[in-house]
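These notes are about the structure you will find just below.
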Amino acid sequence: MSEGGMTLLDGTDLRSLHLSLPDSTVTLTGAELLDFVESKASESLFGLSLPHHLKSSALLRLNLADDLTFRRQQLTREAAVNILDQYVTAIADELNENPLVVSVLNGNTLRLFLEDEDDFAMLAENLFTDLDVKDKGKISKSEVRNALLHMGVEMGIPPLQELPMLNDILKKHGAEGEEELGQAQFAELLQPILEEIADTLAKKHIVVVQNIKIVNGSKLRKVLSDEKQLNKVAEKMLQEKRSNKDDENNMKTIRSFLEENGNELGLPPSEANETVLSLYDSVFADIEIAKFAAESESELRELVKETLEKFAEQLEANPVYCDIDI
């Protein structure tokens with residue numbers, strides 16, 4: 001894995017995790033058990049603190065979400081071990097359906113910039129130009145903080161709130177105040193600050209969750225394996241077709257329905273990017289044109305199922321990355 005690049009957390013590591021309670025544990029509360037599991041799971045995921053939505057979704061799978069009674073409950077060792085295994089599996093299952101994309105920052109990317117004089121000179125020049133908005137050829141010392149913001153995760157700088165030592169580092173190197181610096185002076189000030197940040201990250205890595213979701217077909221395969229749920233999807237599509245009697249084009253009906261409701265089924269948002277548009281085009285091109293002339297409802301149900309299976313196959317082979325807010 002290259003630092004600053006994206007790493008997928010899909011539950012694979014958790015599935016190989018074998019947890020056991022300390023031998024001294026006889027009883028513990030539900031809250032203590034959850035804290036223990038979450039701590040151990042975090043250790044296997046680069047030390048990432050499990051996002052709240054991930055823990056909540058995993059607990060929902062166990063019917064324990066927001067269950068204060070469980071958290072206060074005294075559990076025997078046997079009961080705790082049973083729930084421990086179930087909770088780890090639930091977290092892994094949730095990650096399988098909704099993988100996290102993270103970057104692990106350990107200082108390596110910063111080292112690459114710092115070890116190559118030309119690369120560092122270009123970096124400093126570009127940052128200075130971006131920050132010199134008035135084109136005076138001068139910026140204040142305090143702009144170094146904004147320079148770090150401009151660099152961001154892709155260049156090895158974590159979100160500044162994730163780096164508690166930053167204020168001390170900036171203060172130590174005099175990167176405060178309104179004293180103005182030229183480009184060469186700015187580069188001279190920036191270099192030791194980046195070196196110290198790299199040293200800090202080397203001692204303690206910072207894991208950053210990217211604002212990206214990966215659609216890999218796992219949720220869609222779950223729909224396909226549940227006959228009741230699949231029939232429900234097909235029925236909704238049939239109702240839409242019945243309500244639009246003027247539309248005899250089955251391909252148009254199915255595609256329109258999936259573009260509007262696909263997110264609930266585990267499809268990427270149709271408006272996400274060109275990759276998703278190509279995915280839809282590819283799936284519908286793979287299905288024999290003759291099948292879209294299906295007239296009976298049973299034939300149309302089979303056509304819906306085949307279409308979803310094609311999507312699942314393609315997403316498994318080529319997962320789609322899209323903005324998590326879409």
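Lettering and numbering for the structure tokens are positional, with chains as A, B, ... in the shown order, residues counted from 1 in each chain, and ligands counted from 1 in the shown order.
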Mind checking which residues fall within 8 Å of segment 106-113 of chain A, counting only C-alpha atoms, ignoring those fewer than 6 positions away in the same chain, and posting them as a list in words?
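Neighbouring residues, sequence-local ones excluded: Glu3, Gly4, Asp119, Phe120, Leu123, Met155, Gly156, Ile157, Leu194, Glu195, Ile197, Ala198, Asp199, Thr200, Leu201, Ala202, Lys203, Lys204, His205 and Ile206 of chain A.
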With N, CA, C and O atoms kept, could you save the residues just selected as a JSON list (two decimals), in the first residue's frame?
```json
[["chain", "number", "residue", "atom", "x", "y", "z"],
["A", 3, "GLU", "N", 1.39, 5.17, 0.78],
["A", 3, "GLU", "CA", 0.78, 6.15, 1.67],
["A", 3, "GLU", "C", 0.12, 7.25, 0.87],
["A", 3, "GLU", "O", 0.63, 7.69, -0.16],
["A", 4, "GLY", "N", -1.03, 7.70, 1.33],
["A", 4, "GLY", "CA", -1.77, 8.72, 0.62],
["A", 4, "GLY", "C", -2.71, 8.11, -0.40],
["A", 4, "GLY", "O", -3.66, 8.72, -0.83],
["A", 119, "ASP", "N", 11.79, 18.29, -6.43],
["A", 119, "ASP", "CA", 10.38, 18.10, -6.08],
["A", 119, "ASP", "C", 9.95, 19.05, -4.97],
["A", 119, "ASP", "O", 8.86, 19.63, -5.02],
["A", 120, "PHE", "N", 10.83, 19.19, -3.95],
["A", 120, "PHE", "CA", 10.47, 20.09, -2.85],
["A", 120, "PHE", "C", 10.41, 21.54, -3.32],
["A", 120, "PHE", "O", 9.51, 22.29, -2.93],
["A", 123, "LEU", "N", 7.19, 22.01, -5.11],
["A", 123, "LEU", "CA", 6.09, 22.02, -4.15],
["A", 123, "LEU", "C", 6.00, 23.38, -3.46],
["A", 123, "LEU", "O", 4.92, 23.98, -3.37],
["A", 155, "MET", "N", -0.91, 14.52, -0.35],
["A", 155, "MET", "CA", 0.51, 14.81, -0.21],
["A", 155, "MET", "C", 1.04, 14.40, 1.16],
["A", 155, "MET", "O", 2.15, 14.76, 1.54],
["A", 156, "GLY", "N", 0.24, 13.65, 1.91],
["A", 156, "GLY", "CA", 0.73, 13.09, 3.16],
["A", 156, "GLY", "C", 0.42, 13.88, 4.41],
["A", 156, "GLY", "O", 0.89, 13.53, 5.49],
["A", 157, "ILE", "N", -0.38, 14.95, 4.29],
["A", 157, "ILE", "CA", -0.73, 15.76, 5.45],
["A", 157, "ILE", "C", -2.13, 15.39, 5.93],
["A", 157, "ILE", "O", -3.11, 15.48, 5.17],
["A", 194, "LEU", "N", 7.78, 20.30, 7.67],
["A", 194, "LEU", "CA", 7.39, 19.05, 7.03],
["A", 194, "LEU", "C", 8.22, 17.88, 7.55],
["A", 194, "LEU", "O", 7.70, 16.77, 7.71],
["A", 195, "GLU", "N", 9.49, 18.12, 7.81],
["A", 195, "GLU", "CA", 10.35, 17.06, 8.35],
["A", 195, "GLU", "C", 9.84, 16.59, 9.71],
["A", 195, "GLU", "O", 9.80, 15.39, 9.99],
["A", 197, "ILE", "N", 6.75, 16.93, 10.90],
["A", 197, "ILE", "CA", 5.47, 16.26, 10.73],
["A", 197, "ILE", "C", 5.69, 14.82, 10.26],
["A", 197, "ILE", "O", 5.05, 13.88, 10.73],
["A", 198, "ALA", "N", 6.64, 14.64, 9.32],
["A", 198, "ALA", "CA", 6.96, 13.28, 8.84],
["A", 198, "ALA", "C", 7.46, 12.40, 9.98],
["A", 198, "ALA", "O", 7.09, 11.23, 10.09],
["A", 199, "ASP", "N", 8.31, 12.97, 10.83],
["A", 199, "ASP", "CA", 8.82, 12.21, 11.99],
["A", 199, "ASP", "C", 7.68, 11.83, 12.93],
["A", 199, "ASP", "O", 7.63, 10.71, 13.46],
["A", 200, "THR", "N", 6.76, 12.78, 13.14],
["A", 200, "THR", "CA", 5.62, 12.53, 14.03],
["A", 200, "THR", "C", 4.74, 11.42, 13.49],
["A", 200, "THR", "O", 4.30, 10.53, 14.23],
["A", 201, "LEU", "N", 4.48, 11.44, 12.18],
["A", 201, "LEU", "CA", 3.63, 10.41, 11.56],
["A", 201, "LEU", "C", 4.33, 9.05, 11.53],
["A", 201, "LEU", "O", 3.67, 8.01, 11.61],
["A", 202, "ALA", "N", 5.64, 9.06, 11.43],
["A", 202, "ALA", "CA", 6.38, 7.80, 11.44],
["A", 202, "ALA", "C", 6.25, 7.11, 12.79],
["A", 202, "ALA", "O", 6.18, 5.87, 12.87],
["A", 203, "LYS", "N", 6.18, 7.90, 13.85],
["A", 203, "LYS", "CA", 6.04, 7.33, 15.20],
["A", 203, "LYS", "C", 4.61, 6.88, 15.47],
["A", 203, "LYS", "O", 4.39, 5.88, 16.16],
["A", 204, "LYS", "N", 3.67, 7.63, 14.96],
["A", 204, "LYS", "CA", 2.26, 7.27, 15.16],
["A", 204, "LYS", "C", 1.47, 7.59, 13.90],
["A", 204, "LYS", "O", 1.21, 8.75, 13.58],
["A", 205, "HIS", "N", 1.12, 6.54, 13.16],
["A", 205, "HIS", "CA", 0.38, 6.71, 11.91],
["A", 205, "HIS", "C", -1.01, 7.28, 12.18],
["A", 205, "HIS", "O", -1.60, 7.04, 13.22],
["A", 206, "ILE", "N", -1.50, 8.02, 11.20],
["A", 206, "ILE", "CA", -2.86, 8.54, 11.28],
["A", 206, "ILE", "C", -3.66, 7.96, 10.12],
["A", 206, "ILE", "O", -3.22, 8.02, 8.96]]
```
Need to verify the contact set: Glu94 of chain A, 12 Å, only C-alpha atoms, exclusion of same-chain residues closer than 6 positions in sequence. Can you return it as a ChimeraX atom specification?
/A:9-12,14-15,50-51,53-62,87-88,100,218-219
Using only C-alpha atoms, which residue out of A:Asn318, A:Pro158, A:Leu220, A:Asp323 lies closest to Glu271 of chain A?
A:Asp323
Which of these residues is nearest to Ile83 of chain A, using only C-alpha atoms: A:Ser20, A:Ser225, A:Ser298, A:Thr275?
A:Ser20
Non-local contacts of segment 137-145 of chain A (7 Å; only C-alpha atoms; under 2 positions in same chain excluded) as number ranges by chain:
A: 132, 135, 147-149, 175-182, 190
Let me see the file: selected residues, all heavy atoms, as a JSON list (two decimals), in the first residue's frame.
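again.json, freshly written:
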```
[["chain", "number", "residue", "atom", "x", "y", "z"],
["A", 132, "ASP", "N", -0.18, 33.41, -2.37],
["A", 132, "ASP", "CA", 0.09, 34.82, -2.67],
["A", 132, "ASP", "C", -1.04, 35.36, -3.55],
["A", 132, "ASP", "O", -0.84, 35.71, -4.71],
["A", 132, "ASP", "CB", 1.45, 34.95, -3.36],
["A", 132, "ASP", "CG", 1.83, 36.41, -3.62],
["A", 132, "ASP", "OD1", 1.24, 37.31, -2.97],
["A", 132, "ASP", "OD2", 2.71, 36.64, -4.48],
["A", 135, "ASP", "N", -0.63, 38.62, -5.25],
["A", 135, "ASP", "CA", 0.50, 38.68, -6.17],
["A", 135, "ASP", "C", 1.52, 39.74, -5.75],
["A", 135, "ASP", "O", 2.04, 40.51, -6.57],
["A", 135, "ASP", "CB", 0.01, 38.95, -7.60],
["A", 135, "ASP", "CG", 1.05, 38.57, -8.64],
["A", 135, "ASP", "OD1", 1.92, 37.74, -8.33],
["A", 135, "ASP", "OD2", 0.99, 39.11, -9.76],
["A", 147, "ALA", "N", -0.79, 26.46, 3.96],
["A", 147, "ALA", "CA", -0.01, 25.65, 3.01],
["A", 147, "ALA", "C", -0.23, 24.17, 3.30],
["A", 147, "ALA", "O", -0.37, 23.36, 2.37],
["A", 147, "ALA", "CB", 1.46, 26.01, 3.10],
["A", 148, "LEU", "N", -0.26, 23.82, 4.57],
["A", 148, "LEU", "CA", -0.49, 22.42, 4.95],
["A", 148, "LEU", "C", -1.88, 21.98, 4.55],
["A", 148, "LEU", "O", -2.09, 20.84, 4.11],
["A", 148, "LEU", "CB", -0.28, 22.24, 6.46],
["A", 148, "LEU", "CG", 1.12, 22.59, 6.98],
["A", 148, "LEU", "CD1", 1.17, 22.42, 8.49],
["A", 148, "LEU", "CD2", 2.18, 21.71, 6.32],
["A", 149, "LEU", "N", -2.86, 22.88, 4.70],
["A", 149, "LEU", "CA", -4.22, 22.56, 4.27],
["A", 149, "LEU", "C", -4.27, 22.31, 2.76],
["A", 149, "LEU", "O", -4.95, 21.39, 2.29],
["A", 149, "LEU", "CB", -5.17, 23.71, 4.62],
["A", 149, "LEU", "CG", -5.61, 23.82, 6.08],
["A", 149, "LEU", "CD1", -6.36, 25.13, 6.29],
["A", 149, "LEU", "CD2", -6.48, 22.63, 6.47],
["A", 175, "ALA", "N", 6.45, 29.70, 12.86],
["A", 175, "ALA", "CA", 5.49, 29.89, 11.76],
["A", 175, "ALA", "C", 4.23, 30.56, 12.27],
["A", 175, "ALA", "O", 3.11, 30.06, 12.10],
["A", 175, "ALA", "CB", 5.17, 28.55, 11.12],
["A", 176, "GLU", "N", 4.38, 31.70, 12.92],
["A", 176, "GLU", "CA", 3.25, 32.45, 13.46],
["A", 176, "GLU", "C", 3.49, 33.93, 13.20],
["A", 176, "GLU", "O", 4.61, 34.36, 12.95],
["A", 176, "GLU", "CB", 3.11, 32.20, 14.96],
["A", 176, "GLU", "CG", 2.77, 30.75, 15.32],
["A", 176, "GLU", "CD", 2.67, 30.55, 16.83],
["A", 176, "GLU", "OE1", 3.42, 31.23, 17.56],
["A", 176, "GLU", "OE2", 1.84, 29.74, 17.27],
["A", 177, "GLY", "N", 2.43, 34.70, 13.29],
["A", 177, "GLY", "CA", 2.59, 36.14, 13.14],
["A", 177, "GLY", "C", 2.45, 36.59, 11.69],
["A", 177, "GLY", "O", 2.29, 35.79, 10.77],
["A", 178, "GLU", "N", 2.53, 37.91, 11.51],
["A", 178, "GLU", "CA", 2.29, 38.51, 10.20],
["A", 178, "GLU", "C", 3.57, 38.95, 9.50],
["A", 178, "GLU", "O", 3.52, 39.64, 8.47],
["A", 178, "GLU", "CB", 1.35, 39.71, 10.36],
["A", 178, "GLU", "CG", -0.05, 39.34, 10.88],
["A", 178, "GLU", "CD", -0.71, 38.25, 10.05],
["A", 178, "GLU", "OE1", -0.72, 38.39, 8.80],
["A", 178, "GLU", "OE2", -1.21, 37.28, 10.63],
["A", 179, "GLU", "N", 4.71, 38.56, 10.03],
["A", 179, "GLU", "CA", 5.97, 38.88, 9.35],
["A", 179, "GLU", "C", 5.94, 38.27, 7.95],
["A", 179, "GLU", "O", 5.58, 37.11, 7.77],
["A", 179, "GLU", "CB", 7.16, 38.32, 10.12],
["A", 179, "GLU", "CG", 8.50, 38.60, 9.45],
["A", 179, "GLU", "CD", 9.66, 37.96, 10.20],
["A", 179, "GLU", "OE1", 9.47, 37.56, 11.37],
["A", 179, "GLU", "OE2", 10.74, 37.84, 9.60],
["A", 180, "GLU", "N", 6.33, 39.05, 6.94],
["A", 180, "GLU", "CA", 6.21, 38.59, 5.56],
["A", 180, "GLU", "C", 7.47, 37.89, 5.08],
["A", 180, "GLU", "O", 8.60, 38.25, 5.46],
["A", 180, "GLU", "CB", 5.86, 39.76, 4.64],
["A", 180, "GLU", "CG", 4.46, 40.32, 4.91],
["A", 180, "GLU", "CD", 4.00, 41.27, 3.83],
["A", 180, "GLU", "OE1", 4.86, 42.01, 3.30],
["A", 180, "GLU", "OE2", 2.78, 41.29, 3.52],
["A", 181, "LEU", "N", 7.25, 36.89, 4.22],
["A", 181, "LEU", "CA", 8.34, 36.08, 3.69],
["A", 181, "LEU", "C", 8.28, 36.07, 2.17],
["A", 181, "LEU", "O", 7.20, 36.03, 1.58],
["A", 181, "LEU", "CB", 8.24, 34.63, 4.18],
["A", 181, "LEU", "CG", 8.14, 34.38, 5.68],
["A", 181, "LEU", "CD1", 7.85, 32.90, 5.93],
["A", 181, "LEU", "CD2", 9.44, 34.80, 6.37],
["A", 182, "GLY", "N", 9.47, 36.05, 1.55],
["A", 182, "GLY", "CA", 9.54, 35.82, 0.12],
["A", 182, "GLY", "C", 9.49, 34.32, -0.14],
["A", 182, "GLY", "O", 9.44, 33.51, 0.78],
["A", 190, "LEU", "N", 9.23, 26.16, 5.57],
["A", 190, "LEU", "CA", 8.36, 25.00, 5.38],
["A", 190, "LEU", "C", 9.10, 23.68, 5.56],
["A", 190, "LEU", "O", 8.56, 22.73, 6.12],
["A", 190, "LEU", "CB", 7.74, 25.06, 3.97],
["A", 190, "LEU", "CG", 6.79, 23.92, 3.59],
["A", 190, "LEU", "CD1", 5.54, 23.94, 4.46],
["A", 190, "LEU", "CD2", 6.41, 24.02, 2.10]]
```
So which one's closest to Leu48 of chain A, A:Ser103, A:Asn244, A:Ser282, A:Thr129? Using only C-alpha atoms, please.
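Answer, going by the shortest atom-to-atom distance: A:Ser103.
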